[in-house]
file input-v9.cif (mmCIF, C-alpha atoms (C1' of nucleotides))
data_model
loop_
_atom_site.label_atom_id
_atom_site.label_comp_id
_atom_site.auth_asym_id
_atom_site.auth_seq_id
_atom_site.Cartn_x
_atom_site.Cartn_y
_atom_site.Cartn_z
CA MET A 20 0.00 0.00 0.00
CA SER A 21 1.23 3.46 -0.85
CA ILE A 22 2.47 5.63 2.00
CA THR A 23 0.04 8.40 1.41
CA SER A 24 -3.16 6.57 0.56
CA ASP A 25 -4.63 7.11 4.02
CA LEU A 26 -3.88 10.80 3.91
CA ILE A 27 -5.35 11.32 0.47
CA ARG A 28 -8.53 9.59 1.57
CA GLY A 29 -11.29 12.13 1.64
CA HIS A 30 -9.83 14.17 -1.21
CA THR A 31 -10.83 11.92 -4.07
CA ASP A 32 -13.99 13.86 -4.87
CA THR A 33 -12.19 17.20 -4.71
CA ILE A 34 -9.43 15.97 -7.02
CA ILE A 35 -11.94 14.73 -9.59
CA LEU A 36 -14.03 17.89 -9.44
CA ALA A 37 -10.88 19.99 -9.84
CA LYS A 38 -10.01 18.08 -13.00
CA LEU A 39 -13.48 18.76 -14.40
CA MET A 40 -13.53 22.47 -13.56
CA SER A 41 -11.65 23.42 -16.73
CA HIS A 42 -13.22 20.97 -19.19
CA ASP A 43 -15.02 17.65 -19.56
CA ASN A 44 -12.85 14.61 -19.30
CA TYR A 45 -12.97 10.82 -19.09
CA GLY A 46 -11.79 8.41 -16.41
CA TYR A 47 -8.71 6.97 -17.99
CA GLU A 48 -7.34 10.35 -18.92
CA ILE A 49 -8.09 11.81 -15.50
CA ASN A 50 -6.20 8.99 -13.85
CA LYS A 51 -3.25 9.39 -16.18
CA SER A 52 -3.00 13.10 -15.55
CA ILE A 53 -3.02 12.54 -11.81
CA GLN A 54 -0.20 10.04 -12.04
CA GLN A 55 1.72 12.44 -14.22
CA LYS A 56 1.12 15.40 -11.93
CA THR A 57 2.45 13.54 -8.89
CA GLY A 58 5.35 12.02 -10.75
CA GLY A 59 3.92 8.56 -10.20
CA GLU A 60 3.86 8.98 -6.44
CA TYR A 61 0.14 8.69 -6.38
CA GLU A 62 -2.56 7.25 -8.49
CA LEU A 63 -6.25 6.93 -7.94
CA LYS A 64 -6.94 3.22 -8.16
CA GLU A 65 -9.46 2.41 -10.86
CA ALA A 66 -11.96 0.93 -8.43
CA THR A 67 -11.71 4.08 -6.32
CA LEU A 68 -12.09 6.30 -9.33
CA TYR A 69 -15.19 4.67 -10.75
CA THR A 70 -16.78 4.40 -7.33
CA ALA A 71 -16.24 8.12 -6.96
CA PHE A 72 -17.79 8.87 -10.35
CA ARG A 73 -20.94 6.96 -9.35
CA ARG A 74 -21.05 8.74 -6.02
CA LEU A 75 -20.59 12.18 -7.57
CA GLU A 76 -23.16 11.51 -10.25
CA VAL A 77 -25.77 10.33 -7.73
CA ALA A 78 -25.01 13.44 -5.68
CA GLY A 79 -25.66 15.61 -8.74
CA CYS A 80 -22.14 17.01 -8.88
CA ILE A 81 -21.33 15.60 -12.29
CA SER A 82 -23.15 14.21 -15.32
CA SER A 83 -21.86 11.82 -17.93
CA TYR A 84 -22.24 10.97 -21.62
CA TRP A 85 -20.62 8.58 -24.05
CA GLY A 86 -18.11 10.08 -26.44
CA ASP A 87 -18.56 9.53 -30.18
CA GLU A 88 -15.15 8.05 -30.93
CA GLN A 89 -15.01 6.56 -34.41
CA THR A 90 -12.19 4.28 -33.40
CA GLY A 91 -10.57 2.82 -30.26
CA ALA A 92 -12.23 2.06 -26.95
CA ARG A 93 -15.37 3.96 -26.02
CA ARG A 94 -15.03 6.76 -23.50
CA ARG A 95 -17.49 7.97 -20.92
CA TYR A 96 -17.05 11.68 -20.46
CA TYR A 97 -17.89 13.50 -17.27
CA SER A 98 -19.06 17.06 -16.95
CA ILE A 99 -19.23 19.11 -13.78
CA THR A 100 -22.62 20.61 -12.89
CA ASP A 101 -23.35 23.96 -11.25
CA SER A 102 -23.96 22.12 -8.02
CA GLY A 103 -20.63 20.39 -8.53
CA ARG A 104 -18.87 23.74 -8.91
CA ASP A 105 -20.44 24.98 -5.71
CA ASN A 106 -19.37 21.82 -3.97
CA TYR A 107 -15.86 22.15 -5.27
CA LYS A 108 -15.57 25.63 -3.81
CA ARG A 109 -16.94 24.40 -0.50
CA LEU A 110 -14.49 21.49 -0.42
CA ILE A 111 -11.58 23.82 -1.11
CA SER A 112 -12.51 26.13 1.74
CA GLU A 113 -12.99 23.15 4.03
CA TRP A 114 -9.57 21.92 3.10
CA LYS A 115 -8.00 25.25 4.01
CA LYS A 116 -9.64 25.11 7.38
CA ALA A 117 -8.85 21.44 7.97
CA LYS A 118 -5.25 21.97 6.96
CA GLU A 119 -4.72 24.61 9.62
CA MET A 120 -6.47 22.46 12.17
CA ILE A 121 -4.31 19.45 11.38
CA GLU A 122 -1.10 21.50 11.47
CA ASN A 123 -2.15 22.80 14.84
CA LEU A 124 -2.94 19.37 16.20
CA ILE A 125 -0.02 17.30 14.98
CA LYS A 126 2.78 19.57 16.16
CA THR A 127 4.37 19.07 19.55
CA GLU A 128 3.95 21.88 22.03
CA GLU A 129 6.73 23.84 23.73
CA MET B 21 -21.51 14.60 10.81
CA SER B 22 -18.88 17.28 11.23
CA ILE B 23 -17.65 19.02 8.11
CA THR B 24 -14.04 18.14 8.59
CA SER B 25 -14.26 14.59 9.94
CA ASP B 26 -13.49 13.06 6.57
CA LEU B 27 -10.46 15.26 6.11
CA ILE B 28 -9.05 14.58 9.56
CA ARG B 29 -9.36 10.87 8.93
CA GLY B 30 -5.94 9.36 8.77
CA HIS B 31 -4.43 11.86 11.22
CA THR B 32 -5.80 10.38 14.40
CA ASP B 33 -2.66 8.41 15.19
CA THR B 34 -0.44 11.40 14.50
CA ILE B 35 -2.54 13.64 16.74
CA ILE B 36 -2.38 11.17 19.61
CA LEU B 37 1.35 10.59 19.22
CA ALA B 38 1.93 14.35 19.14
CA LYS B 39 0.10 14.71 22.45
CA LEU B 40 2.29 12.02 24.00
CA MET B 41 5.60 13.41 22.72
CA SER B 42 5.90 15.85 25.62
CA HIS B 43 4.55 13.71 28.44
CA ASP B 44 2.37 10.76 29.35
CA ASN B 45 -1.33 11.41 29.31
CA TYR B 46 -4.71 9.71 29.56
CA GLY B 47 -7.59 9.47 27.12
CA TYR B 48 -10.09 11.81 28.61
CA GLU B 49 -7.54 14.58 29.03
CA ILE B 50 -6.17 14.10 25.52
CA ASN B 51 -9.64 14.44 24.08
CA LYS B 52 -10.35 17.54 26.14
CA SER B 53 -7.16 19.22 25.05
CA ILE B 54 -7.96 18.54 21.40
CA GLN B 55 -11.41 20.08 21.75
CA GLN B 56 -9.86 23.07 23.48
CA LYS B 57 -7.13 23.46 20.88
CA THR B 58 -9.59 23.55 18.02
CA GLY B 59 -12.02 25.79 19.85
CA GLY B 60 -14.61 23.00 19.84
CA GLU B 61 -14.50 22.70 16.06
CA TYR B 62 -13.22 19.18 16.28
CA GLU B 63 -13.23 16.37 18.73
CA LEU B 64 -12.00 12.85 18.47
CA LYS B 65 -15.02 10.70 19.19
CA GLU B 66 -14.46 8.41 22.15
CA ALA B 67 -14.90 5.23 20.12
CA THR B 68 -12.36 6.49 17.61
CA LEU B 69 -9.96 7.47 20.35
CA TYR B 70 -9.98 4.17 22.18
CA THR B 71 -9.81 2.21 18.95
CA ALA B 72 -6.72 4.22 18.08
CA PHE B 73 -5.13 3.53 21.47
CA ARG B 74 -5.55 -0.21 20.94
CA ARG B 75 -4.17 0.03 17.43
CA LEU B 76 -1.16 2.07 18.52
CA GLU B 77 -0.44 -0.23 21.44
CA VAL B 78 -0.60 -3.36 19.30
CA ALA B 79 1.72 -1.62 16.82
CA GLY B 80 4.18 -0.94 19.64
CA CYS B 81 3.95 2.84 19.35
CA ILE B 82 2.59 3.39 22.85
CA SER B 83 2.38 1.52 26.14
CA SER B 84 -0.12 1.97 28.94
CA TYR B 85 -0.45 1.71 32.71
CA TRP B 86 -3.10 2.46 35.29
CA GLY B 87 -2.63 5.65 37.29
CA ASP B 88 -2.65 5.45 41.10
CA GLU B 89 -5.38 8.00 41.74
CA GLN B 90 -6.54 7.91 45.36
CA THR B 91 -9.88 9.41 44.41
CA GLY B 92 -12.10 9.85 41.38
CA ALA B 93 -12.32 7.65 38.31
CA ARG B 94 -9.35 5.50 37.41
CA ARG B 95 -7.15 6.66 34.55
CA ARG B 96 -5.21 4.66 32.03
CA TYR B 97 -2.09 6.55 31.11
CA TYR B 98 -0.36 6.17 27.79
CA SER B 99 3.33 6.56 27.13
CA ILE B 100 5.00 6.89 23.75
CA THR B 101 7.72 4.35 22.93
CA ASP B 102 10.93 4.89 20.96
CA SER B 103 9.27 3.21 18.03
CA GLY B 104 6.33 5.56 18.50
CA ARG B 105 8.63 8.58 18.34
CA ASP B 106 10.17 7.31 15.14
CA ASN B 107 6.74 6.76 13.72
CA TYR B 108 5.62 10.22 14.72
CA LYS B 109 8.53 11.74 12.81
CA ARG B 110 7.72 9.62 9.80
CA LEU B 111 4.07 10.60 9.90
CA ILE B 112 4.97 14.28 10.08
CA SER B 113 7.20 14.05 7.04
CA GLU B 114 4.54 12.09 5.20
CA TRP B 115 2.04 14.80 6.02
CA LYS B 116 4.30 17.48 4.58
CA LYS B 117 4.62 15.50 1.38
CA ALA B 118 0.93 14.62 1.19
CA LYS B 119 -0.06 18.22 1.85
CA GLU B 120 1.89 19.48 -1.13
CA MET B 121 0.52 16.68 -3.27
CA ILE B 122 -3.04 17.46 -2.29
CA GLU B 123 -2.59 21.19 -2.87
CA ASN B 124 -1.22 20.38 -6.26
CA LEU B 125 -4.08 18.06 -7.15
CA ILE B 126 -7.08 19.99 -5.91
CA LYS B 127 -6.33 23.29 -7.56
CA THR B 128 -7.68 24.13 -10.97
CA GLU B 129 -5.15 24.61 -13.71
CA GLU B 130 -4.60 27.70 -15.86
"C1'" DA C 30 -1.53 -14.85 -38.01
"C1'" DT C 31 -1.24 -14.45 -33.36
"C1'" DA C 32 0.48 -13.00 -29.14
"C1'" DA C 33 1.19 -9.15 -26.36
"C1'" DC C 34 0.17 -4.74 -25.15
"C1'" DT C 35 -2.56 -0.41 -24.66
"C1'" DT C 36 -6.71 2.04 -24.20
"C1'" DA C 37 -10.93 2.17 -21.75
"C1'" DC C 38 -14.59 0.68 -19.24
"C1'" DC C 39 -16.72 -1.92 -15.09
"C1'" DT C 40 -18.01 -4.91 -10.58
"C1'" DC C 41 -17.48 -7.77 -6.41
"C1'" DG C 42 -16.02 -8.43 -1.93
"C1'" DC C 43 -12.75 -7.54 1.65
"C1'" DC C 44 -10.44 -4.37 4.87
"C1'" DT C 45 -9.98 -0.49 7.76
"C1'" DG C 46 -11.21 3.65 10.27
"C1'" DT C 47 -15.05 6.34 12.13
"C1'" DC C 48 -18.74 6.79 15.16
"C1'" DA C 49 -23.65 6.41 17.19
"C1'" DA C 50 -25.32 4.09 20.78
"C1'" DG C 51 -24.95 1.73 24.38
"C1'" DG C 52 -22.64 0.32 28.89
"C1'" DT C 53 -19.73 0.59 33.70
"C1'" DA C 54 -17.94 2.92 37.96
"C1'" DT C 55 -16.73 6.79 41.14
"C1'" DA C 56 -17.19 11.39 42.98
"C1'" DT C 57 -19.37 15.86 43.34
"C1'" DT C 58 -23.04 19.15 43.06
"C1'" DT C 59 -27.97 20.50 43.33
"C1'" DA D 9 -32.24 11.55 45.23
"C1'" DA D 10 -31.07 13.15 40.96
"C1'" DA D 11 -28.09 15.21 37.96
"C1'" DT D 12 -23.58 16.14 36.33
"C1'" DA D 13 -18.70 15.33 35.62
"C1'" DT D 14 -14.85 12.32 35.33
"C1'" DA D 15 -13.12 8.30 33.15
"C1'" DC D 16 -13.12 4.03 31.07
"C1'" DC D 17 -14.93 0.54 27.47
"C1'" DT D 18 -17.46 -2.40 23.44
"C1'" DT D 19 -20.59 -3.53 19.67
"C1'" DG D 20 -22.35 -3.11 15.22
"C1'" DA D 21 -23.22 -0.46 11.25
"C1'" DC D 22 -21.43 2.35 7.55
"C1'" DA D 23 -18.47 4.36 4.01
"C1'" DG D 24 -14.41 4.76 1.25
"C1'" DG D 25 -10.33 2.53 -0.72
"C1'" DC D 26 -8.69 -1.07 -3.39
"C1'" DG D 27 -7.04 -5.95 -4.90
"C1'" DA D 28 -8.58 -8.95 -8.04
"C1'" DG D 29 -11.10 -10.03 -11.37
"C1'" DG D 30 -13.71 -9.22 -15.95
"C1'" DT D 31 -15.09 -7.11 -20.91
"C1'" DA D 32 -14.08 -5.11 -25.44
"C1'" DA D 33 -11.55 -2.75 -29.19
"C1'" DG D 34 -7.49 -1.31 -31.41
"C1'" DT D 35 -2.23 -1.46 -32.11
"C1'" DT D 36 2.34 -3.35 -32.30
"C1'" DA D 37 5.78 -7.03 -32.44
"C1'" DT D 38 7.25 -11.59 -33.79
#
call {"tool": "encode", "arguments": {"input": "input-v9.cif", "output": "structure tokens"}}
result
Amino acid sequence: MSITSDLIRGHTDTIILAKLMSHDNYGYEINKSIQQKTGGEYELKEATLYTAFRRLEVAGCISSYWGDEQTGARRRYYSITDSGRDNYKRLISEWKKAKEMIENLIKTEE
Amino acid sequence: MSITSDLIRGHTDTIILAKLMSHDNYGYEINKSIQQKTGGEYELKEATLYTAFRRLEVAGCISSYWGDEQTGARRRYYSITDSGRDNYKRLISEWKKAKEMIENLIKTEE
DNA sequence: ATAACTTACCTCGCCTGTCAAGGTATATTT
DNA sequence: AAATATACCTTGACAGGCGAGGTAAGTTAT
């Protein structure tokens, strides 16, 4: 198990929403870009990723549609909704708060 | 459910070890000091706390002994071990790394 | 040709950490 | 006598992560 998997837990949704803020994207590509961005130090496991897509779709944060590729494997594209954008902003501000709280709690005193 | 509970997840052990770095302490007091430190914004739930104590003890990070209170409720004190100190340091450095990774992943690009 | 690999999707079932809800016992305050 | 505070604990449910498996289509190497 990766060192950081426990610490990343809880950020999966935020990471996915962040990826979708700029433009629609599909699972495989999202995963690749995450691996690339962390220099291979972290990757969302496929099972985790697709679970998250289902969760976010049910929650109304994203919607999905099949791409119209003429060749190669089919792709399911995801699009962030207005509600998803609101949620993203909320998650970011929660993270800022949580980060300070954690820093405060995990340091030794005196 | 508290806003930040999902984000704090994974830091419980680190928080407890941090508390024990300076001196031995007991569960109830540790929990109180966390509540105080966060201004009531966060508290380790008792079940979570005691589960974590068991986990940390089994892992050899802490040891415990009963206090010799002459009055009032009995207290089980916890003491951090050398292995626990090493682990604390490791967890702190992992946090620093994970923090940067998260920041990097949850921001929107361009 | 065919084996191996890549792209791209998905599900099932286990594991682990959190926590609501319950419990015990002692001492103090109302 | 009842309520509150201190202080400990367990059980069972739940949710998220993920290993292990599967499907299907296209590409590259032998």
call {"tool": "closest_atom_pairs", "arguments": {"input": "input-v9.cif", "of": "chain D", "to": "region 91-102 of chain B", "cutoff": "12 Å", "atoms": "only C-alpha atoms (C1' of nucleotides)", "output": "tab-separated table"}}
result
residue	atom	partner	partner_atom	distance
D:DA13	C1'	B:Gly92	CA	10.3
D:DT14	C1'	B:Ala93	CA	6.1
D:DA15	C1'	B:Ala93	CA	5.3
D:DC16	C1'	B:Arg95	CA	7.4
D:DC17	C1'	B:Arg96	CA	11.5
call {"tool": "write_last_selection", "arguments": {"input": "input-v9.cif", "atoms": "C-alpha atoms (C1' of nucleotides)", "output": "short mmCIF file (atom, residue, chain, number, x, y, z; two decimals), in the frame of the given file"}}
result
data_model
loop_
_atom_site.label_atom_id
_atom_site.label_comp_id
_atom_site.auth_asym_id
_atom_site.auth_seq_id
_atom_site.Cartn_x
_atom_site.Cartn_y
_atom_site.Cartn_z
"C1'" DA D 13 -18.70 15.33 35.62
"C1'" DT D 14 -14.85 12.32 35.33
"C1'" DA D 15 -13.12 8.30 33.15
"C1'" DC D 16 -13.12 4.03 31.07
"C1'" DC D 17 -14.93 0.54 27.47
#
call {"tool": "residues_around", "arguments": {"input": "input-v9.cif", "residues": "Glu66 (chain B)", "least_positions_apart": "4", "cutoff": "9 Å", "atoms": "all atoms listed in the file", "output": "JSON, numbers by chain"}}
result
{"B": [47, 48, 51, 70, 71], "C": [48]}
call {"tool": "atom_distance", "arguments": {"input": "input-v9.cif", "atom1": "CA of Gly59 (chain A)", "atom2": "CA of Gly103 (chain A)"}}
result
27.3 Å
call {"tool": "residues_around", "arguments": {"input": "input-v9.cif", "residues": "DT45 (chain C)", "least_positions_apart": "4", "cutoff": "12 Å", "atoms": "only C-alpha atoms (C1' of nucleotides)", "output": "ChimeraX atom specification"}}
result
/A:25,28 /B:29-30,71-72,75 /D:22-26
call {"tool": "resolve_selection", "arguments": {"input": "input-v9.cif", "expression": "the PyMOL selection byres ((chain C) within 12 of (chain B))", "output": "ChimeraX atom specification"}}
result
/C:45-51,53-57
call {"tool": "write_last_selection", "arguments": {"input": "input-v9.cif", "atoms": "C-alpha atoms (C1' of nucleotides)", "output": "compact mmCIF listing (two decimals), in the frame of the given file"}}
result
# COMPACT_ATOMS: atom_id res chain seq x y z
C1' DT C 45 -9.98 -0.49 7.76
C1' DG C 46 -11.21 3.65 10.27
C1' DT C 47 -15.05 6.34 12.13
C1' DC C 48 -18.74 6.79 15.16
C1' DA C 49 -23.65 6.41 17.19
C1' DA C 50 -25.32 4.09 20.78
C1' DG C 51 -24.95 1.73 24.38
C1' DT C 53 -19.73 0.59 33.70
C1' DA C 54 -17.94 2.92 37.96
C1' DT C 55 -16.73 6.79 41.14
C1' DA C 56 -17.19 11.39 42.98
C1' DT C 57 -19.37 15.86 43.34
call {"tool": "closest_atom_pairs", "arguments": {"input": "input-v9.cif", "of": "chain A", "to": "chain B", "cutoff": "6 Å", "atoms": "all atoms listed in the file", "output": "CSV"}}
result
residue,atom,partner,partner_atom,distance
A:Asp25,CA,B:Gly30,CA,5.4
A:Leu26,CA,B:Gly30,CA,5.5
A:Gly29,CA,B:Asp26,CA,5.5
A:Thr33,CA,B:Ile126,CA,5.9
A:Ile34,CA,B:Ile126,CA,4.8
A:Ala37,CA,B:Thr128,CA,5.4
A:Leu124,CA,B:Ile35,CA,5.8
A:Ile125,CA,B:Ile35,CA,4.8
A:Thr127,CA,B:Ala38,CA,5.3
call {"tool": "atom_distance", "arguments": {"input": "input-v9.cif", "atom1": "CA of Val78 (chain B)", "atom2": "CA of Arg105 (chain B)"}}
result
15.1 Å
